[in-house]
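Notes follow the structure.
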Amino acid sequence: MKEKKRILTGDRPTGKLHIGHYFGSLQNRVKLQDEYDTYILVADVQALTDNFNNPAKVRENILETTIDNLSAGLDPNKVTFVVQSMVPEIAELTVFYSNLVTVSRLQRNPTIKTEIAQKKEIFGNSGESVTYGFLGYPVSQAADITAFNADVIPVGDDQLPLIEQTREIVRKFNLLYGEGKDILTEPEAILSKNSRIKGLDGGVKMGKSLGNAIYLADDDETIKSKVMGAVTDPNKIRKDDPANPDVCMVAYYHKLFSDDSYATVCDECKAGARGCVNCKRELIANIIKKMEPIRERRRYYETHKDEVKDILEKGTKKAREITKETLRQVKSAMKIDYFES
Ligand code: TRP
């Protein structure tokens with residue numbers, strides 16, 4: 001029996017995490033780690049659906065992604081870190097679930113639809129860039145979640161269609177194979193308050209590939225030069241011109257990093273009583289202050305990588321006790337447990 005409700009969430013190890021990830025999910029994970037039995041999946045198999053031609057990149061980022069999570073404040077004594085490819089039960093479940101999802105349902109999944117549209121922009125309209133594995137990654141994500149019998153999934157809003165897809169698979173599985181019982185748990189998403197953080201350039205999303213992000217690993221100088229280049233109100237020419245904080249990315253980040261002074265920032269900006277350079281300097285100081293404990297933990301883990309490897313190895317081992325049991329129940333419900341008893 002579970003003592004606490006269980007969380008399963010994860011990241012694709014494809015690059016460093018940025019403050020969009022911090023506000024969008026990491027902060028929430030940190031907040032929830034005491035209340036829930038938390039598992040963090042380093043989703044290398046899912047990363048390969050998009051990066052099968054670059055396995056070295058995925059490999060390098062296994063430790064990076066884990067260190068980002070630890071630096072954000074996840075406590076390895078409370079939280080279990082798991083490497084997806086080292087849990088074969090997830091791959092097996094993916095195969096069984098793939099019968100419960102139609103191809104057209106996957107093609108209609110809003111997250112997949114957006115990602116396919118992006119691929120077509122890059123690779124042309126033939127659709128040939130879309131592999132079977134890519135189209136099927138929501139099925140594999142359903143396997144991630146259900147392998148752990150997770151109750152709750154804290155995610156950003158771009159992931160909601162994937163959680164919905166998981167819920168459908170769970171309902172179908174239970175209906176088909178449960179004989180009136182719920183074999184699998186139907187998970188619920190918890191959305192972060194700041195689910196989507198805009199980029200320094202004012203773009204709707206901070207993105208690894210968009211060049212508009214502040215990374216958790218950025219040093220002071222990098223943060224300074226990035227904030228100095230952030231987009232402000234283009235109509236403000238002189239230091240004491242009144243301006244509109246609603247179109248200014250510096251004001252936008254003040255809201256995230258300068259809780260107490262945000263109202264003052266906006267008032268002074270509108271009144272023309274706040275020059276952009278000073279406003280940016282204040283923001284830089286507040287970002288650096290907020291990042292300091294994160295960076296301090298990073299310094300520790302970066303010089304103790306063996307400890308991080310150990311956290312992953314032990315965590316994965318612990319995880320398999322759960323996933324093996326889930327697979328046993330799934331196979332029994334599907335009547336393919338031939339050699340058991
Ligand atoms: N799809 C998630 C992302 O791109 C990563 C992920 C993999 C995940 N498996 C998961 C998230 C299970 C939540 C639950 O960020």
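In the structure tokens, chains take the letters A, B, ... in the order shown, each chain's residues start at 1, and ligands count up from 1 in the order shown.
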Wanna dump the stretch 126-194 of chain A-stretch 327-331 of chain A contacts at 12 Å for me, each residue with its shortest atom pair and the distance in Å to one decimal, counting only C-alpha atoms, ordered by chain and number, as JSON lines?
```
{"residue": "A:Ala143", "atom": "CA", "partner": "A:Leu327", "partner_atom": "CA", "distance": 10.1}
{"residue": "A:Asp144", "atom": "CA", "partner": "A:Leu327", "partner_atom": "CA", "distance": 11.7}
{"residue": "A:Thr146", "atom": "CA", "partner": "A:Leu327", "partner_atom": "CA", "distance": 9.7}
{"residue": "A:Ala147", "atom": "CA", "partner": "A:Leu327", "partner_atom": "CA", "distance": 7.2}
{"residue": "A:Phe148", "atom": "CA", "partner": "A:Leu327", "partner_atom": "CA", "distance": 9.9}
{"residue": "A:Asn149", "atom": "CA", "partner": "A:Leu327", "partner_atom": "CA", "distance": 10.7}
{"residue": "A:Val170", "atom": "CA", "partner": "A:Val330", "partner_atom": "CA", "distance": 11.2}
{"residue": "A:Phe173", "atom": "CA", "partner": "A:Val330", "partner_atom": "CA", "distance": 9.1}
{"residue": "A:Asn174", "atom": "CA", "partner": "A:Val330", "partner_atom": "CA", "distance": 9.8}
{"residue": "A:Leu176", "atom": "CA", "partner": "A:Val330", "partner_atom": "CA", "distance": 11.5}
{"residue": "A:Tyr177", "atom": "CA", "partner": "A:Val330", "partner_atom": "CA", "distance": 8.5}
{"residue": "A:Gly178", "atom": "CA", "partner": "A:Val330", "partner_atom": "CA", "distance": 9.2}
{"residue": "A:Lys181", "atom": "CA", "partner": "A:Gln329", "partner_atom": "CA", "distance": 11.7}
{"residue": "A:Asp182", "atom": "CA", "partner": "A:Val330", "partner_atom": "CA", "distance": 10.8}
{"residue": "A:Ile183", "atom": "CA", "partner": "A:Val330", "partner_atom": "CA", "distance": 7.2}
{"residue": "A:Leu184", "atom": "CA", "partner": "A:Val330", "partner_atom": "CA", "distance": 8.2}
{"residue": "A:Thr185", "atom": "CA", "partner": "A:Val330", "partner_atom": "CA", "distance": 11.8}
```
Would you mind exporting all heavy atoms of the selected residues as a compact mmCIF listing (two decimals), in the first residue's frame?
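What landed in selection_15.txt:
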```txt
# COMPACT_ATOMS: atom_id res chain seq x y z
N ALA A 143 2.95 4.95 -20.40
CA ALA A 143 3.63 3.83 -19.73
C ALA A 143 4.49 4.34 -18.57
O ALA A 143 4.51 3.74 -17.50
CB ALA A 143 4.48 3.05 -20.74
N ASP A 144 5.18 5.48 -18.78
CA ASP A 144 5.97 6.07 -17.68
C ASP A 144 5.09 6.28 -16.45
O ASP A 144 5.45 5.89 -15.33
CB ASP A 144 6.50 7.48 -18.05
CG ASP A 144 7.42 7.50 -19.25
OD1 ASP A 144 7.97 6.46 -19.59
OD2 ASP A 144 7.57 8.61 -19.84
N THR A 146 1.94 5.23 -15.70
CA THR A 146 1.20 4.11 -15.10
C THR A 146 2.13 3.06 -14.51
O THR A 146 1.75 2.35 -13.58
CB THR A 146 0.28 3.44 -16.14
OG1 THR A 146 1.08 3.08 -17.27
CG2 THR A 146 -0.82 4.38 -16.57
N ALA A 147 3.37 2.96 -15.04
CA ALA A 147 4.32 2.00 -14.47
C ALA A 147 4.50 2.28 -12.99
O ALA A 147 4.72 1.38 -12.19
CB ALA A 147 5.66 2.08 -15.19
N PHE A 148 4.39 3.56 -12.63
CA PHE A 148 4.56 3.96 -11.23
C PHE A 148 3.23 4.08 -10.49
O PHE A 148 3.20 4.46 -9.34
CB PHE A 148 5.30 5.30 -11.17
CG PHE A 148 6.75 5.17 -11.53
CD1 PHE A 148 7.16 5.17 -12.85
CD2 PHE A 148 7.69 4.98 -10.54
CE1 PHE A 148 8.50 5.01 -13.18
CE2 PHE A 148 9.03 4.82 -10.86
CZ PHE A 148 9.43 4.82 -12.19
N ASN A 149 2.15 3.80 -11.19
CA ASN A 149 0.83 4.01 -10.60
C ASN A 149 0.71 5.41 -10.01
O ASN A 149 0.19 5.60 -8.90
CB ASN A 149 0.55 2.98 -9.51
CG ASN A 149 -0.35 1.90 -10.04
OD1 ASN A 149 -1.38 2.21 -10.67
ND2 ASN A 149 0.03 0.66 -9.84
N VAL A 170 -5.67 4.58 -19.71
CA VAL A 170 -5.97 3.91 -18.44
C VAL A 170 -7.43 3.44 -18.41
O VAL A 170 -7.72 2.29 -18.05
CB VAL A 170 -5.70 4.86 -17.25
CG1 VAL A 170 -6.29 4.33 -15.95
CG2 VAL A 170 -4.19 5.09 -17.09
N PHE A 173 -7.83 0.51 -20.75
CA PHE A 173 -7.20 -0.70 -20.20
C PHE A 173 -8.08 -1.32 -19.12
O PHE A 173 -8.37 -2.52 -19.14
CB PHE A 173 -5.80 -0.37 -19.64
CG PHE A 173 -5.05 -1.60 -19.20
CD1 PHE A 173 -4.12 -2.19 -20.04
CD2 PHE A 173 -5.29 -2.18 -17.96
CE1 PHE A 173 -3.45 -3.35 -19.66
CE2 PHE A 173 -4.63 -3.33 -17.56
CZ PHE A 173 -3.70 -3.92 -18.41
N ASN A 174 -8.51 -0.47 -18.18
CA ASN A 174 -9.31 -0.99 -17.07
C ASN A 174 -10.62 -1.60 -17.56
O ASN A 174 -11.05 -2.65 -17.08
CB ASN A 174 -9.59 0.12 -16.05
CG ASN A 174 -8.34 0.50 -15.25
OD1 ASN A 174 -7.40 -0.29 -15.15
ND2 ASN A 174 -8.33 1.70 -14.69
N LEU A 176 -11.22 -2.88 -20.58
CA LEU A 176 -11.00 -4.09 -21.37
C LEU A 176 -10.52 -5.27 -20.54
O LEU A 176 -10.94 -6.40 -20.74
CB LEU A 176 -9.95 -3.82 -22.45
CG LEU A 176 -10.40 -3.19 -23.75
CD1 LEU A 176 -9.16 -2.81 -24.57
CD2 LEU A 176 -11.25 -4.18 -24.54
N TYR A 177 -9.60 -4.99 -19.61
CA TYR A 177 -8.90 -6.09 -18.95
C TYR A 177 -9.17 -6.18 -17.45
O TYR A 177 -8.70 -7.11 -16.80
CB TYR A 177 -7.39 -5.95 -19.16
CG TYR A 177 -6.96 -5.87 -20.61
CD1 TYR A 177 -6.22 -4.78 -21.08
CD2 TYR A 177 -7.28 -6.89 -21.51
CE1 TYR A 177 -5.81 -4.71 -22.40
CE2 TYR A 177 -6.88 -6.82 -22.83
CZ TYR A 177 -6.13 -5.72 -23.28
OH TYR A 177 -5.74 -5.64 -24.58
N GLY A 178 -9.86 -5.18 -16.89
CA GLY A 178 -9.95 -5.10 -15.43
C GLY A 178 -11.01 -6.01 -14.82
O GLY A 178 -11.00 -6.22 -13.62
N LYS A 181 -12.47 -4.23 -12.15
CA LYS A 181 -11.53 -3.60 -11.21
C LYS A 181 -10.66 -2.58 -11.94
O LYS A 181 -10.43 -2.69 -13.14
CB LYS A 181 -10.60 -4.66 -10.59
CG LYS A 181 -11.24 -5.37 -9.43
CD LYS A 181 -10.17 -6.07 -8.59
CE LYS A 181 -9.33 -6.95 -9.45
NZ LYS A 181 -8.84 -8.19 -9.04
N ASP A 182 -10.16 -1.59 -11.17
CA ASP A 182 -9.21 -0.65 -11.74
C ASP A 182 -7.80 -1.16 -11.53
O ASP A 182 -7.26 -1.09 -10.42
CB ASP A 182 -9.37 0.74 -11.09
CG ASP A 182 -10.60 1.46 -11.61
OD1 ASP A 182 -11.14 1.02 -12.65
OD2 ASP A 182 -11.01 2.45 -10.98
N ILE A 183 -7.21 -1.69 -12.58
CA ILE A 183 -5.85 -2.20 -12.47
C ILE A 183 -4.87 -1.03 -12.44
O ILE A 183 -3.93 -1.00 -11.66
CB ILE A 183 -5.50 -3.11 -13.69
CG1 ILE A 183 -6.59 -4.15 -13.92
CG2 ILE A 183 -4.11 -3.72 -13.54
CD1 ILE A 183 -6.65 -5.24 -12.89
N LEU A 184 -5.11 -0.05 -13.33
CA LEU A 184 -4.22 1.11 -13.43
C LEU A 184 -4.88 2.33 -12.80
O LEU A 184 -6.10 2.46 -12.81
CB LEU A 184 -3.90 1.42 -14.90
CG LEU A 184 -3.24 0.31 -15.71
CD1 LEU A 184 -3.16 0.72 -17.19
CD2 LEU A 184 -1.84 0.00 -15.17
N THR A 185 -4.04 3.24 -12.29
CA THR A 185 -4.54 4.47 -11.67
C THR A 185 -4.68 5.57 -12.73
O THR A 185 -3.76 5.77 -13.53
CB THR A 185 -3.53 4.96 -10.61
OG1 THR A 185 -3.24 3.87 -9.73
CG2 THR A 185 -4.06 6.15 -9.83
```
- Using DSSP on the backbone coordinates, identify all residues within stretch 167-295 of chain A classified as helix (DSSP H, G or I); present the result as number ranges by chain. A: 167-177, 220-228, 245-247, 249-257, 259-271, 276-295
- Show which residues sit within 10 Å of A:His21, as a list in words. Count only C-alpha atoms, and ignore same-chain residues fewer than 6 positions away. Asp11, Gln27, Asp68, Asn69, Val155, Gly156, Asn194, Ser195, Arg196, Ile197, Met206, Gly207, Tyr215 and Leu216 of chain A
Restricted to all heavy atoms, what would the selected residues look like written as a short mmCIF file (atom, residue, chain, number, x, y, z; two decimals), in the first residue's frame?
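What follows is the written file selection-v4.cif:
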```cif
data_model
loop_
_atom_site.label_atom_id
_atom_site.label_comp_id
_atom_site.auth_asym_id
_atom_site.auth_seq_id
_atom_site.Cartn_x
_atom_site.Cartn_y
_atom_site.Cartn_z
N ASP A 11 11.78 14.95 -17.30
CA ASP A 11 12.34 15.84 -18.31
C ASP A 11 13.05 15.01 -19.36
O ASP A 11 13.63 13.97 -19.05
CB ASP A 11 13.38 16.78 -17.68
CG ASP A 11 12.86 17.48 -16.46
OD1 ASP A 11 11.96 18.32 -16.61
OD2 ASP A 11 13.33 17.17 -15.34
N GLN A 27 10.04 24.51 -9.50
CA GLN A 27 9.63 25.13 -8.24
C GLN A 27 8.45 24.36 -7.62
O GLN A 27 8.40 24.13 -6.42
CB GLN A 27 9.21 26.56 -8.55
CG GLN A 27 9.21 27.48 -7.37
CD GLN A 27 8.73 28.88 -7.78
OE1 GLN A 27 7.90 29.05 -8.68
NE2 GLN A 27 9.26 29.88 -7.12
N ASP A 68 20.45 19.75 -12.60
CA ASP A 68 19.52 20.89 -12.63
C ASP A 68 18.39 20.71 -11.62
O ASP A 68 18.02 21.63 -10.91
CB ASP A 68 18.91 21.05 -14.03
CG ASP A 68 19.77 21.93 -14.95
OD1 ASP A 68 20.48 22.82 -14.44
OD2 ASP A 68 19.71 21.74 -16.17
N ASN A 69 17.84 19.50 -11.56
CA ASN A 69 16.75 19.23 -10.62
C ASN A 69 17.23 19.30 -9.17
O ASN A 69 16.54 19.87 -8.32
CB ASN A 69 16.16 17.84 -10.88
CG ASN A 69 15.06 17.87 -11.93
OD1 ASN A 69 13.91 18.19 -11.64
ND2 ASN A 69 15.42 17.54 -13.17
N VAL A 155 2.95 19.42 -14.14
CA VAL A 155 3.51 19.74 -15.46
C VAL A 155 3.13 21.15 -15.89
O VAL A 155 2.26 21.79 -15.30
CB VAL A 155 2.97 18.78 -16.55
CG1 VAL A 155 3.66 17.43 -16.50
CG2 VAL A 155 1.47 18.66 -16.47
N GLY A 156 3.77 21.60 -16.96
CA GLY A 156 3.35 22.83 -17.63
C GLY A 156 2.18 22.55 -18.56
O GLY A 156 1.89 21.39 -18.87
N ASN A 194 2.82 29.56 -12.92
CA ASN A 194 3.48 30.22 -14.06
C ASN A 194 3.86 29.16 -15.07
O ASN A 194 5.01 28.80 -15.22
CB ASN A 194 4.74 30.93 -13.61
CG ASN A 194 4.43 32.04 -12.65
OD1 ASN A 194 3.67 32.93 -12.96
ND2 ASN A 194 5.02 31.97 -11.47
N SER A 195 2.84 28.67 -15.75
CA SER A 195 3.06 27.50 -16.56
C SER A 195 3.92 27.80 -17.79
O SER A 195 4.60 26.94 -18.32
CB SER A 195 1.69 27.00 -16.93
OG SER A 195 1.73 25.81 -17.54
N ARG A 196 3.88 29.01 -18.25
CA ARG A 196 4.62 29.34 -19.46
C ARG A 196 5.30 30.70 -19.29
O ARG A 196 4.64 31.71 -19.07
CB ARG A 196 3.63 29.43 -20.63
CG ARG A 196 4.29 29.28 -21.96
CD ARG A 196 3.24 29.19 -23.03
NE ARG A 196 2.54 27.93 -22.97
CZ ARG A 196 2.32 27.17 -24.03
NH1 ARG A 196 2.71 27.56 -25.19
NH2 ARG A 196 1.66 26.03 -23.90
N ILE A 197 6.61 30.71 -19.36
CA ILE A 197 7.36 31.93 -19.15
C ILE A 197 7.83 32.47 -20.50
O ILE A 197 8.39 31.73 -21.31
CB ILE A 197 8.59 31.64 -18.26
CG1 ILE A 197 8.16 31.06 -16.92
CG2 ILE A 197 9.44 32.89 -18.07
CD1 ILE A 197 7.36 31.98 -16.06
N MET A 206 9.87 30.74 -23.47
CA MET A 206 11.30 30.62 -23.32
C MET A 206 11.66 29.23 -23.82
O MET A 206 11.06 28.25 -23.41
CB MET A 206 11.67 30.79 -21.85
CG MET A 206 13.15 30.90 -21.59
SD MET A 206 13.52 31.33 -19.88
CE MET A 206 13.47 33.09 -19.91
N GLY A 207 12.63 29.14 -24.73
CA GLY A 207 12.90 27.82 -25.29
C GLY A 207 14.38 27.57 -25.45
O GLY A 207 15.15 28.48 -25.73
N TYR A 215 19.55 30.42 -18.24
CA TYR A 215 19.72 29.06 -17.73
C TYR A 215 20.04 29.07 -16.24
O TYR A 215 20.66 30.01 -15.73
CB TYR A 215 20.83 28.34 -18.51
CG TYR A 215 20.39 28.09 -19.92
CD1 TYR A 215 20.67 29.00 -20.92
CD2 TYR A 215 19.61 26.97 -20.21
CE1 TYR A 215 20.19 28.80 -22.21
CE2 TYR A 215 19.13 26.77 -21.49
CZ TYR A 215 19.42 27.68 -22.48
OH TYR A 215 18.94 27.49 -23.74
N LEU A 216 19.61 28.00 -15.57
CA LEU A 216 19.92 27.87 -14.15
C LEU A 216 21.44 27.87 -13.94
O LEU A 216 21.92 28.24 -12.88
CB LEU A 216 19.32 26.58 -13.58
CG LEU A 216 17.79 26.47 -13.64
CD1 LEU A 216 17.32 25.17 -13.00
CD2 LEU A 216 17.13 27.65 -12.94
#
```
- Task: For ligand 1, collect every residue having any atom at a distance of at most 6 Å from a ligand atom (counting only C-alpha atoms and all ligand atoms); output as an MDAnalysis selection string.
- Result: chainID A and resid 8:12 43 141 144:145
If you keep N, CA, C and O atoms, can you produce a file of those selected residues as a PDB file, in the first residue's frame?
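And here is the file that came out, out27.pdb:
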```
ATOM      1  N   LEU A   8       4.756  11.281 -10.423  1.00  0.00           N
ATOM      2  CA  LEU A   8       5.767  10.935 -11.424  1.00  0.00           C
ATOM      3  C   LEU A   8       5.792  12.082 -12.413  1.00  0.00           C
ATOM      4  O   LEU A   8       4.751  12.484 -12.945  1.00  0.00           O
ATOM      5  N   THR A   9       6.975  12.640 -12.586  1.00  0.00           N
ATOM      6  CA  THR A   9       7.103  13.639 -13.640  1.00  0.00           C
ATOM      7  C   THR A   9       8.518  13.524 -14.179  1.00  0.00           C
ATOM      8  O   THR A   9       9.312  12.720 -13.684  1.00  0.00           O
ATOM      9  N   GLY A  10       8.831  14.278 -15.222  1.00  0.00           N
ATOM     10  CA  GLY A  10      10.161  14.088 -15.781  1.00  0.00           C
ATOM     11  C   GLY A  10      10.552  15.111 -16.815  1.00  0.00           C
ATOM     12  O   GLY A  10       9.779  16.013 -17.151  1.00  0.00           O
ATOM     13  N   ASP A  11      11.785  14.947 -17.296  1.00  0.00           N
ATOM     14  CA  ASP A  11      12.337  15.842 -18.306  1.00  0.00           C
ATOM     15  C   ASP A  11      13.048  15.013 -19.356  1.00  0.00           C
ATOM     16  O   ASP A  11      13.626  13.974 -19.051  1.00  0.00           O
ATOM     17  N   ARG A  12      13.036  15.546 -20.574  1.00  0.00           N
ATOM     18  CA  ARG A  12      13.887  14.948 -21.598  1.00  0.00           C
ATOM     19  C   ARG A  12      15.305  15.465 -21.407  1.00  0.00           C
ATOM     20  O   ARG A  12      15.496  16.691 -21.363  1.00  0.00           O
ATOM     21  N   ALA A  43      13.997  11.211 -18.900  1.00  0.00           N
ATOM     22  CA  ALA A  43      13.304  10.496 -19.978  1.00  0.00           C
ATOM     23  C   ALA A  43      14.173  10.400 -21.231  1.00  0.00           C
ATOM     24  O   ALA A  43      13.919  11.028 -22.255  1.00  0.00           O
ATOM     25  N   GLN A 141       4.728   7.772 -22.818  1.00  0.00           N
ATOM     26  CA  GLN A 141       4.566   8.611 -21.618  1.00  0.00           C
ATOM     27  C   GLN A 141       3.463   8.056 -20.701  1.00  0.00           C
ATOM     28  O   GLN A 141       3.565   8.119 -19.480  1.00  0.00           O
ATOM     29  N   ASP A 144       5.178   5.481 -18.776  1.00  0.00           N
ATOM     30  CA  ASP A 144       5.969   6.073 -17.680  1.00  0.00           C
ATOM     31  C   ASP A 144       5.095   6.277 -16.446  1.00  0.00           C
ATOM     32  O   ASP A 144       5.449   5.894 -15.334  1.00  0.00           O
ATOM     33  N   ILE A 145       3.968   6.917 -16.704  1.00  0.00           N
ATOM     34  CA  ILE A 145       3.106   7.353 -15.595  1.00  0.00           C
ATOM     35  C   ILE A 145       2.465   6.162 -14.893  1.00  0.00           C
ATOM     36  O   ILE A 145       2.478   6.049 -13.668  1.00  0.00           O
TER      37      ILE A 145
END
```
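Across the structure, atom CA of A:Phe81 and atom CA of A:Leu41 are spaced 6.0 Å apart.
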- Query: DSSP on the backbone: what in stretch 42-251 of chain A comes out strand (DSSP E or B), as number ranges by chain?
  - Reply: A: 42, 79-83, 152-155, 188-191, 215
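Of the residues listed (A:Gly203, A:Pro242, A:Pro110, A:Gly73), A:Pro110 shows the shortest atom-to-atom separation from A:Pro138; distances use only C-alpha atoms.
Between A:Glu35 and the residues A:Leu63, A:Val152, A:Ile237, A:Ala319, the shortest atom-to-atom distance, using only C-alpha atoms, involves A:Val152.
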- Which polymer residues have any atom within 9 Å of an atom of A:Leu135, counting only C-alpha atoms, with same-chain residues fewer than 4 positions away left out, as number ranges by chain? A: 49, 103, 106-107, 112, 116, 130-131, 139
Compile a residue-level contact table for stretch 129-247 of chain A against stretch 262-278 of chain A at a cut-off of 12 Å, reporting for every qualifying residue the shortest atom pair and its distance in Å to one decimal, with only C-alpha atoms counted, rows ordered by chain and ascending number, as a tab-separated table.
```
residue	atom	partner	partner_atom	distance
A:Lys224	CA	A:Val277	CA	11.2
A:Ser225	CA	A:Val277	CA	11.9
A:Val227	CA	A:Val277	CA	9.9
A:Met228	CA	A:Val277	CA	7.6
A:Gly229	CA	A:Val277	CA	10.4
A:Ala230	CA	A:Cys276	CA	10.3
A:Val231	CA	A:Cys276	CA	10.4
A:Thr232	CA	A:Cys276	CA	7.8
A:Asp233	CA	A:Cys276	CA	9.4
A:Pro234	CA	A:Cys276	CA	11.3
A:Lys236	CA	A:Cys276	CA	9.0
A:Ile237	CA	A:Cys276	CA	9.9
A:Arg238	CA	A:Gly275	CA	8.0
A:Lys239	CA	A:Gly275	CA	4.5
A:Asp240	CA	A:Gly272	CA	4.6
A:Asp241	CA	A:Gly272	CA	4.8
A:Pro242	CA	A:Gly272	CA	3.6
A:Ala243	CA	A:Lys270	CA	5.0
A:Asn244	CA	A:Lys270	CA	5.9
A:Pro245	CA	A:Cys266	CA	5.8
A:Asp246	CA	A:Cys266	CA	8.6
A:Val247	CA	A:Cys266	CA	11.2
```
